[in-house]
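Text of entry29.cif, listed as mmCIF, N, CA and C atoms:
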data_target
loop_
_atom_site.label_atom_id
_atom_site.label_comp_id
_atom_site.auth_asym_id
_atom_site.auth_seq_id
_atom_site.Cartn_x
_atom_site.Cartn_y
_atom_site.Cartn_z
N GLN A 110 -52.40 -158.24 99.50
CA GLN A 110 -52.35 -156.79 99.64
C GLN A 110 -50.94 -156.31 99.30
N VAL A 111 -50.84 -155.42 98.33
CA VAL A 111 -49.53 -154.88 97.95
C VAL A 111 -49.06 -153.90 99.01
N GLN A 112 -47.81 -154.04 99.40
CA GLN A 112 -47.22 -153.11 100.35
C GLN A 112 -46.16 -152.27 99.66
N LEU A 113 -46.14 -150.99 99.96
CA LEU A 113 -45.18 -150.06 99.36
C LEU A 113 -44.36 -149.43 100.48
N VAL A 114 -43.05 -149.38 100.29
CA VAL A 114 -42.16 -148.80 101.29
C VAL A 114 -41.25 -147.79 100.60
N GLU A 115 -41.31 -146.55 101.06
CA GLU A 115 -40.49 -145.49 100.50
C GLU A 115 -39.20 -145.31 101.31
N SER A 116 -38.19 -144.80 100.64
CA SER A 116 -36.94 -144.44 101.30
C SER A 116 -36.25 -143.37 100.48
N GLY A 117 -35.19 -142.81 101.05
CA GLY A 117 -34.38 -141.85 100.31
C GLY A 117 -34.60 -140.40 100.69
N GLY A 118 -35.57 -140.14 101.54
CA GLY A 118 -35.80 -138.77 101.96
C GLY A 118 -34.67 -138.28 102.86
N GLY A 119 -34.71 -136.99 103.15
CA GLY A 119 -33.68 -136.42 104.01
C GLY A 119 -33.72 -134.91 103.95
N SER A 120 -32.67 -134.31 104.49
CA SER A 120 -32.55 -132.85 104.51
C SER A 120 -31.42 -132.43 103.58
N VAL A 121 -31.72 -131.47 102.71
CA VAL A 121 -30.71 -130.97 101.78
C VAL A 121 -30.82 -129.45 101.68
N GLN A 122 -29.79 -128.85 101.16
CA GLN A 122 -29.82 -127.42 100.88
C GLN A 122 -30.52 -127.19 99.54
N ALA A 123 -31.07 -126.01 99.40
CA ALA A 123 -31.69 -125.63 98.12
C ALA A 123 -30.67 -125.80 97.00
N GLY A 124 -31.13 -126.36 95.89
CA GLY A 124 -30.25 -126.64 94.77
C GLY A 124 -29.69 -128.05 94.77
N GLY A 125 -29.88 -128.74 95.88
CA GLY A 125 -29.38 -130.10 95.99
C GLY A 125 -30.29 -131.12 95.33
N SER A 126 -29.91 -132.39 95.47
CA SER A 126 -30.65 -133.49 94.85
C SER A 126 -30.91 -134.60 95.85
N LEU A 127 -31.98 -135.31 95.60
CA LEU A 127 -32.31 -136.53 96.34
C LEU A 127 -32.93 -137.52 95.38
N ARG A 128 -32.77 -138.79 95.68
CA ARG A 128 -33.43 -139.83 94.89
C ARG A 128 -34.28 -140.66 95.83
N LEU A 129 -35.57 -140.60 95.64
CA LEU A 129 -36.50 -141.38 96.42
C LEU A 129 -36.71 -142.74 95.77
N SER A 130 -36.89 -143.76 96.59
CA SER A 130 -37.19 -145.11 96.11
C SER A 130 -38.46 -145.61 96.75
N CYS A 131 -39.18 -146.42 96.02
CA CYS A 131 -40.39 -147.06 96.54
C CYS A 131 -40.32 -148.52 96.12
N VAL A 132 -40.33 -149.39 97.11
CA VAL A 132 -40.27 -150.83 96.84
C VAL A 132 -41.64 -151.45 97.06
N ALA A 133 -42.10 -152.17 96.08
CA ALA A 133 -43.38 -152.87 96.20
C ALA A 133 -43.14 -154.32 96.59
N SER A 134 -44.03 -154.84 97.42
CA SER A 134 -43.89 -156.23 97.88
C SER A 134 -44.08 -157.21 96.73
N GLU A 135 -44.78 -156.79 95.69
CA GLU A 135 -45.00 -157.63 94.53
C GLU A 135 -45.44 -156.75 93.39
N TYR A 136 -45.33 -157.28 92.16
CA TYR A 136 -45.92 -156.58 91.02
C TYR A 136 -47.10 -157.40 90.53
N THR A 137 -48.22 -156.74 90.40
CA THR A 137 -49.41 -157.41 89.85
C THR A 137 -50.06 -156.48 88.85
N ASN A 138 -51.01 -157.02 88.11
CA ASN A 138 -51.69 -156.16 87.15
C ASN A 138 -52.65 -155.19 87.84
N ARG A 139 -52.67 -155.25 89.17
CA ARG A 139 -53.46 -154.27 89.92
C ARG A 139 -52.68 -152.98 90.14
N MET A 140 -51.46 -152.92 89.62
CA MET A 140 -50.64 -151.76 89.88
C MET A 140 -49.79 -151.39 88.67
N ASN A 141 -50.41 -151.28 87.50
CA ASN A 141 -49.62 -150.90 86.34
C ASN A 141 -49.43 -149.39 86.21
N CYS A 142 -49.93 -148.64 87.18
CA CYS A 142 -49.65 -147.21 87.26
C CYS A 142 -49.15 -146.91 88.67
N MET A 143 -48.11 -146.13 88.75
CA MET A 143 -47.59 -145.72 90.05
C MET A 143 -47.27 -144.24 90.02
N SER A 144 -47.37 -143.64 91.19
CA SER A 144 -47.19 -142.19 91.27
C SER A 144 -46.47 -141.80 92.55
N TRP A 145 -45.97 -140.61 92.53
CA TRP A 145 -45.46 -139.96 93.73
C TRP A 145 -46.38 -138.78 94.05
N PHE A 146 -46.81 -138.73 95.31
CA PHE A 146 -47.58 -137.61 95.82
C PHE A 146 -46.80 -136.98 96.97
N ARG A 147 -47.11 -135.75 97.27
CA ARG A 147 -46.48 -135.11 98.43
C ARG A 147 -47.53 -134.31 99.20
N GLN A 148 -47.27 -134.18 100.49
CA GLN A 148 -48.22 -133.47 101.33
C GLN A 148 -47.51 -132.70 102.42
N VAL A 149 -47.95 -131.48 102.59
CA VAL A 149 -47.49 -130.62 103.66
C VAL A 149 -48.63 -130.50 104.65
N PRO A 150 -48.37 -130.56 105.95
CA PRO A 150 -49.45 -130.44 106.93
C PRO A 150 -50.30 -129.20 106.68
N GLY A 151 -51.62 -129.41 106.67
CA GLY A 151 -52.53 -128.31 106.47
C GLY A 151 -52.85 -128.01 105.02
N LYS A 152 -52.20 -128.74 104.11
CA LYS A 152 -52.45 -128.53 102.68
C LYS A 152 -52.91 -129.83 102.03
N GLU A 153 -53.54 -129.69 100.86
CA GLU A 153 -54.01 -130.87 100.14
C GLU A 153 -52.82 -131.65 99.57
N ARG A 154 -53.02 -132.93 99.45
CA ARG A 154 -52.00 -133.77 98.84
C ARG A 154 -51.88 -133.43 97.36
N GLU A 155 -50.65 -133.36 96.89
CA GLU A 155 -50.37 -132.93 95.52
C GLU A 155 -49.73 -134.06 94.72
N GLY A 156 -50.24 -134.31 93.54
CA GLY A 156 -49.60 -135.28 92.66
C GLY A 156 -48.35 -134.68 92.06
N VAL A 157 -47.23 -135.36 92.18
CA VAL A 157 -45.95 -134.85 91.72
C VAL A 157 -45.57 -135.45 90.38
N ALA A 158 -45.64 -136.77 90.29
CA ALA A 158 -45.26 -137.45 89.06
C ALA A 158 -45.95 -138.79 89.00
N ALA A 159 -46.23 -139.26 87.80
CA ALA A 159 -46.91 -140.54 87.62
C ALA A 159 -46.34 -141.25 86.41
N LEU A 160 -46.41 -142.58 86.44
CA LEU A 160 -45.85 -143.38 85.36
C LEU A 160 -46.79 -144.53 85.03
N HIS A 161 -47.07 -144.73 83.75
CA HIS A 161 -47.85 -145.87 83.27
C HIS A 161 -46.84 -146.92 82.81
N PHE A 162 -46.85 -148.08 83.46
CA PHE A 162 -45.82 -149.09 83.20
C PHE A 162 -45.86 -149.64 81.79
N VAL A 163 -47.04 -149.69 81.20
CA VAL A 163 -47.17 -150.34 79.89
C VAL A 163 -46.86 -149.36 78.76
N THR A 164 -47.51 -148.20 78.78
CA THR A 164 -47.32 -147.23 77.70
C THR A 164 -46.10 -146.35 77.92
N ARG A 165 -45.57 -146.38 79.14
CA ARG A 165 -44.40 -145.58 79.52
C ARG A 165 -44.69 -144.09 79.50
N THR A 166 -45.93 -143.71 79.50
CA THR A 166 -46.27 -142.29 79.56
C THR A 166 -46.11 -141.79 80.98
N THR A 167 -45.77 -140.53 81.09
CA THR A 167 -45.53 -139.93 82.39
C THR A 167 -46.35 -138.66 82.56
N TYR A 168 -46.48 -138.29 83.81
CA TYR A 168 -47.12 -137.03 84.16
C TYR A 168 -46.24 -136.35 85.19
N TYR A 169 -46.09 -135.04 85.05
CA TYR A 169 -45.38 -134.24 86.04
C TYR A 169 -46.19 -133.01 86.37
N ALA A 170 -46.23 -132.67 87.64
CA ALA A 170 -46.84 -131.40 88.03
C ALA A 170 -45.99 -130.27 87.46
N ASP A 171 -46.63 -129.18 87.11
CA ASP A 171 -45.90 -128.04 86.54
C ASP A 171 -44.78 -127.57 87.46
N SER A 172 -44.99 -127.69 88.75
CA SER A 172 -44.02 -127.19 89.71
C SER A 172 -42.72 -127.98 89.73
N VAL A 173 -42.72 -129.19 89.14
CA VAL A 173 -41.51 -130.03 89.18
C VAL A 173 -40.98 -130.37 87.80
N LYS A 174 -41.68 -129.96 86.75
CA LYS A 174 -41.23 -130.29 85.39
C LYS A 174 -39.82 -129.77 85.14
N GLY A 175 -39.00 -130.63 84.57
CA GLY A 175 -37.62 -130.25 84.28
C GLY A 175 -36.67 -130.46 85.45
N ARG A 176 -37.21 -130.75 86.63
CA ARG A 176 -36.37 -130.96 87.81
C ARG A 176 -36.48 -132.39 88.35
N PHE A 177 -37.66 -132.98 88.26
CA PHE A 177 -37.91 -134.32 88.79
C PHE A 177 -38.06 -135.31 87.64
N THR A 178 -37.62 -136.56 87.88
CA THR A 178 -37.79 -137.62 86.91
C THR A 178 -38.28 -138.88 87.61
N ILE A 179 -39.38 -139.43 87.10
CA ILE A 179 -39.91 -140.67 87.64
C ILE A 179 -39.44 -141.83 86.76
N SER A 180 -39.10 -142.95 87.40
CA SER A 180 -38.64 -144.10 86.65
C SER A 180 -38.92 -145.37 87.45
N GLN A 181 -38.72 -146.51 86.81
CA GLN A 181 -38.93 -147.79 87.49
C GLN A 181 -37.82 -148.74 87.09
N ASP A 182 -37.66 -149.82 87.86
CA ASP A 182 -36.70 -150.85 87.48
C ASP A 182 -37.39 -151.83 86.55
N THR A 183 -36.62 -152.71 85.93
CA THR A 183 -37.17 -153.64 84.93
C THR A 183 -38.13 -154.65 85.54
N ALA A 184 -37.95 -154.95 86.80
CA ALA A 184 -38.85 -155.90 87.45
C ALA A 184 -40.17 -155.27 87.84
N LYS A 185 -40.24 -153.94 87.70
CA LYS A 185 -41.46 -153.18 88.00
C LYS A 185 -41.84 -153.24 89.47
N THR A 186 -40.88 -153.55 90.32
CA THR A 186 -41.19 -153.55 91.75
C THR A 186 -40.55 -152.39 92.48
N LYS A 187 -39.79 -151.58 91.77
CA LYS A 187 -39.18 -150.40 92.37
C LYS A 187 -39.51 -149.18 91.54
N LEU A 188 -39.93 -148.15 92.22
CA LEU A 188 -40.23 -146.87 91.58
C LEU A 188 -39.28 -145.84 92.16
N TYR A 189 -38.79 -144.94 91.30
CA TYR A 189 -37.84 -143.95 91.74
C TYR A 189 -38.36 -142.55 91.42
N LEU A 190 -37.86 -141.59 92.19
CA LEU A 190 -38.10 -140.19 91.87
C LEU A 190 -36.78 -139.45 92.07
N GLN A 191 -36.15 -139.09 90.97
CA GLN A 191 -34.93 -138.31 91.02
C GLN A 191 -35.33 -136.85 91.11
N MET A 192 -34.89 -136.20 92.17
CA MET A 192 -35.26 -134.80 92.39
C MET A 192 -34.00 -133.94 92.36
N ASN A 193 -33.93 -133.07 91.39
CA ASN A 193 -32.79 -132.16 91.25
C ASN A 193 -33.23 -130.72 91.45
N SER A 194 -32.26 -129.86 91.66
CA SER A 194 -32.54 -128.42 91.83
C SER A 194 -33.66 -128.20 92.85
N LEU A 195 -33.53 -128.86 93.97
CA LEU A 195 -34.59 -128.80 94.97
C LEU A 195 -34.76 -127.39 95.52
N LYS A 196 -36.02 -127.08 95.83
CA LYS A 196 -36.39 -125.77 96.36
C LYS A 196 -37.04 -125.94 97.73
N PRO A 197 -37.01 -124.93 98.56
CA PRO A 197 -37.67 -125.04 99.87
C PRO A 197 -39.14 -125.44 99.75
N GLU A 198 -39.80 -125.01 98.69
CA GLU A 198 -41.21 -125.36 98.53
C GLU A 198 -41.43 -126.84 98.16
N ASP A 199 -40.34 -127.57 97.93
CA ASP A 199 -40.46 -129.01 97.71
C ASP A 199 -40.52 -129.77 99.02
N THR A 200 -40.32 -129.09 100.13
CA THR A 200 -40.38 -129.73 101.44
C THR A 200 -41.76 -130.32 101.67
N ALA A 201 -41.81 -131.62 101.97
CA ALA A 201 -43.08 -132.31 102.16
C ALA A 201 -42.80 -133.77 102.53
N MET A 202 -43.86 -134.45 102.90
CA MET A 202 -43.81 -135.91 103.03
C MET A 202 -44.18 -136.47 101.66
N TYR A 203 -43.31 -137.32 101.13
CA TYR A 203 -43.52 -137.90 99.81
C TYR A 203 -44.00 -139.34 99.95
N HIS A 204 -45.09 -139.65 99.26
CA HIS A 204 -45.67 -140.98 99.27
C HIS A 204 -45.70 -141.56 97.87
N CYS A 205 -45.43 -142.84 97.76
CA CYS A 205 -45.68 -143.50 96.49
C CYS A 205 -47.02 -144.22 96.57
N ALA A 206 -47.64 -144.41 95.42
CA ALA A 206 -48.95 -145.02 95.36
C ALA A 206 -49.05 -145.83 94.08
N ALA A 207 -49.94 -146.83 94.11
CA ALA A 207 -50.09 -147.72 92.95
C ALA A 207 -51.56 -148.04 92.72
N VAL A 208 -51.88 -148.30 91.46
CA VAL A 208 -53.25 -148.63 91.10
C VAL A 208 -53.24 -149.29 89.72
N SER A 209 -54.30 -150.00 89.41
CA SER A 209 -54.45 -150.51 88.06
C SER A 209 -55.05 -149.42 87.19
N CYS A 210 -54.40 -149.11 86.08
CA CYS A 210 -54.95 -148.13 85.16
C CYS A 210 -55.87 -148.77 84.13
N ARG A 211 -56.02 -150.12 84.22
CA ARG A 211 -56.92 -150.85 83.34
C ARG A 211 -56.66 -150.49 81.88
N SER A 212 -57.67 -150.00 81.18
CA SER A 212 -57.53 -149.74 79.75
C SER A 212 -57.00 -148.34 79.46
N LEU A 213 -56.76 -147.56 80.49
CA LEU A 213 -56.23 -146.22 80.25
C LEU A 213 -54.83 -146.31 79.67
N LEU A 214 -54.48 -145.36 78.82
CA LEU A 214 -53.16 -145.32 78.21
C LEU A 214 -52.25 -144.30 78.89
N VAL A 215 -52.82 -143.50 79.77
CA VAL A 215 -52.04 -142.52 80.50
C VAL A 215 -52.22 -142.78 81.99
N PRO A 216 -51.26 -142.37 82.81
CA PRO A 216 -51.39 -142.66 84.23
C PRO A 216 -52.45 -141.82 84.92
N LYS A 217 -53.05 -142.42 85.95
CA LYS A 217 -53.99 -141.67 86.78
C LYS A 217 -53.20 -140.66 87.61
N THR A 218 -53.82 -139.54 87.90
CA THR A 218 -53.08 -138.48 88.58
C THR A 218 -53.75 -137.97 89.86
N TYR A 219 -54.94 -138.43 90.17
CA TYR A 219 -55.64 -137.97 91.37
C TYR A 219 -55.44 -138.96 92.50
N ASP A 220 -55.22 -138.44 93.72
CA ASP A 220 -54.92 -139.33 94.83
C ASP A 220 -56.08 -140.28 95.12
N TRP A 221 -57.31 -139.85 94.93
CA TRP A 221 -58.45 -140.70 95.25
C TRP A 221 -58.57 -141.89 94.29
N GLU A 222 -57.81 -141.86 93.19
CA GLU A 222 -57.84 -142.97 92.24
C GLU A 222 -56.91 -144.11 92.65
N TYR A 223 -56.03 -143.87 93.60
CA TYR A 223 -55.00 -144.84 93.95
C TYR A 223 -55.41 -145.71 95.12
N HIS A 224 -55.09 -147.01 95.01
CA HIS A 224 -55.53 -147.99 95.99
C HIS A 224 -54.46 -148.34 97.02
N PHE A 225 -53.21 -148.37 96.60
CA PHE A 225 -52.13 -148.80 97.47
C PHE A 225 -51.22 -147.62 97.77
N TRP A 226 -50.85 -147.47 99.05
CA TRP A 226 -50.05 -146.33 99.48
C TRP A 226 -48.94 -146.76 100.41
N GLY A 227 -47.81 -146.05 100.32
CA GLY A 227 -46.75 -146.24 101.28
C GLY A 227 -46.90 -145.24 102.43
N GLN A 228 -46.05 -145.42 103.44
CA GLN A 228 -46.13 -144.57 104.63
C GLN A 228 -45.48 -143.21 104.42
N GLY A 229 -44.61 -143.12 103.45
CA GLY A 229 -44.01 -141.83 103.14
C GLY A 229 -42.58 -141.68 103.62
N THR A 230 -41.87 -140.74 102.98
CA THR A 230 -40.52 -140.39 103.38
C THR A 230 -40.42 -138.86 103.34
N GLN A 231 -39.84 -138.29 104.39
CA GLN A 231 -39.82 -136.83 104.54
C GLN A 231 -38.67 -136.23 103.75
N VAL A 232 -38.99 -135.17 103.02
CA VAL A 232 -37.98 -134.40 102.30
C VAL A 232 -38.01 -132.97 102.85
N THR A 233 -36.88 -132.50 103.29
CA THR A 233 -36.78 -131.13 103.81
C THR A 233 -35.68 -130.40 103.06
N VAL A 234 -36.05 -129.26 102.47
CA VAL A 234 -35.09 -128.47 101.70
C VAL A 234 -34.90 -127.13 102.40
N ALA A 235 -33.68 -126.87 102.81
CA ALA A 235 -33.36 -125.63 103.53
C ALA A 235 -32.93 -124.56 102.53
N SER A 236 -33.34 -123.34 102.82
CA SER A 236 -32.98 -122.23 101.92
C SER A 236 -31.58 -121.71 102.23
#

What does this structure look like when you write it as structure tokens?
Amino acid sequence: QVQLVESGGGSVQAGGSLRLSCVASEYTNRMNCMSWFRQVPGKEREGVAALHFVTRTTYYADSVKGRFTISQDTAKTKLYLQMNSLKPEDTAMYHCAAVSCRSLLVPKTYDWEYHFWGQGTQVTVAS
């Protein structure tokens, strides 16, 4: 069972930056796609960014395009989310997730498609 552990969350002022990290216990072909999701209590979980390890294609939610960047390390066991120009509406619990994208060439973007999840790291942006 792959385990994912997030870190890097915290409290920042609007306009600030944070870099989230997600460490996987192992890399297997069951997880060639990884994503960051975020959730605010009482709201649906939102896909923020996704990365296909093989094709290197990415997905970003419109709300974060140009501000957030998803990346991975060469060993494919660490996933990052660089968040710049943070806004109060970015406040949420951020989770990383992993799944096999099989023959797909683009990353999966729906939370119900993902099999492995981390516990999350809280990001709070003050206005």

Let me know the residues the PyMOL selection byres (((chain A and resi 185 and name CA) around 10) and name CA) catches in the file above, as a list in words.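 On this input, the PyMOL selection byres (((chain A and resi 185 and name CA) around 10) and name CA) captures Val132, Ala133, Glu135, Tyr136, Thr137, Met140, Asn141, Met143, Phe162, Ser180, Gln181, Asp182, Thr183, Ala184, Thr186, Lys187 and Leu188 of chain A.
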
I need the output of the PyMOL selection byres ((chain A and resi 145) around 5) for this file as a PyMOL selection string; which residues are they? chain A and resi 143-144+146-147+156-159+204-205

List the residues sitting within 8 Å of (-34.9, -146.7, 101.7) in the file's frame, using all atoms listed in the file, as JSON, numbers by chain. {"A": [114, 115, 116, 117, 118, 129, 130, 131, 132]}

Where does the PyMOL selection byres ((chain A and resi 234) around 6) land in this file, that is, which residues does it pick, as an MDAnalysis selection string? chainID A and resid 120:123 196:197 199:200 232:233 235:236

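In this structure, CA of Cys142 in chain A sits 14.4 Å away from atom C of Leu113 in chain A.
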
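Here CA of Gln148 in chain A is placed at a distance of 27.4 Å from CA of Thr164 in chain A.
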
Just asking: which residues within chain A are strand (DSSP E) according to DSSP, as an NGL selection string? :A and (113-116 or 119-122 or 127-133 or 142-148 or 155-161 or 167-169 or 177-181 or 187-192 or 201-208 or 225-226 or 230-235)
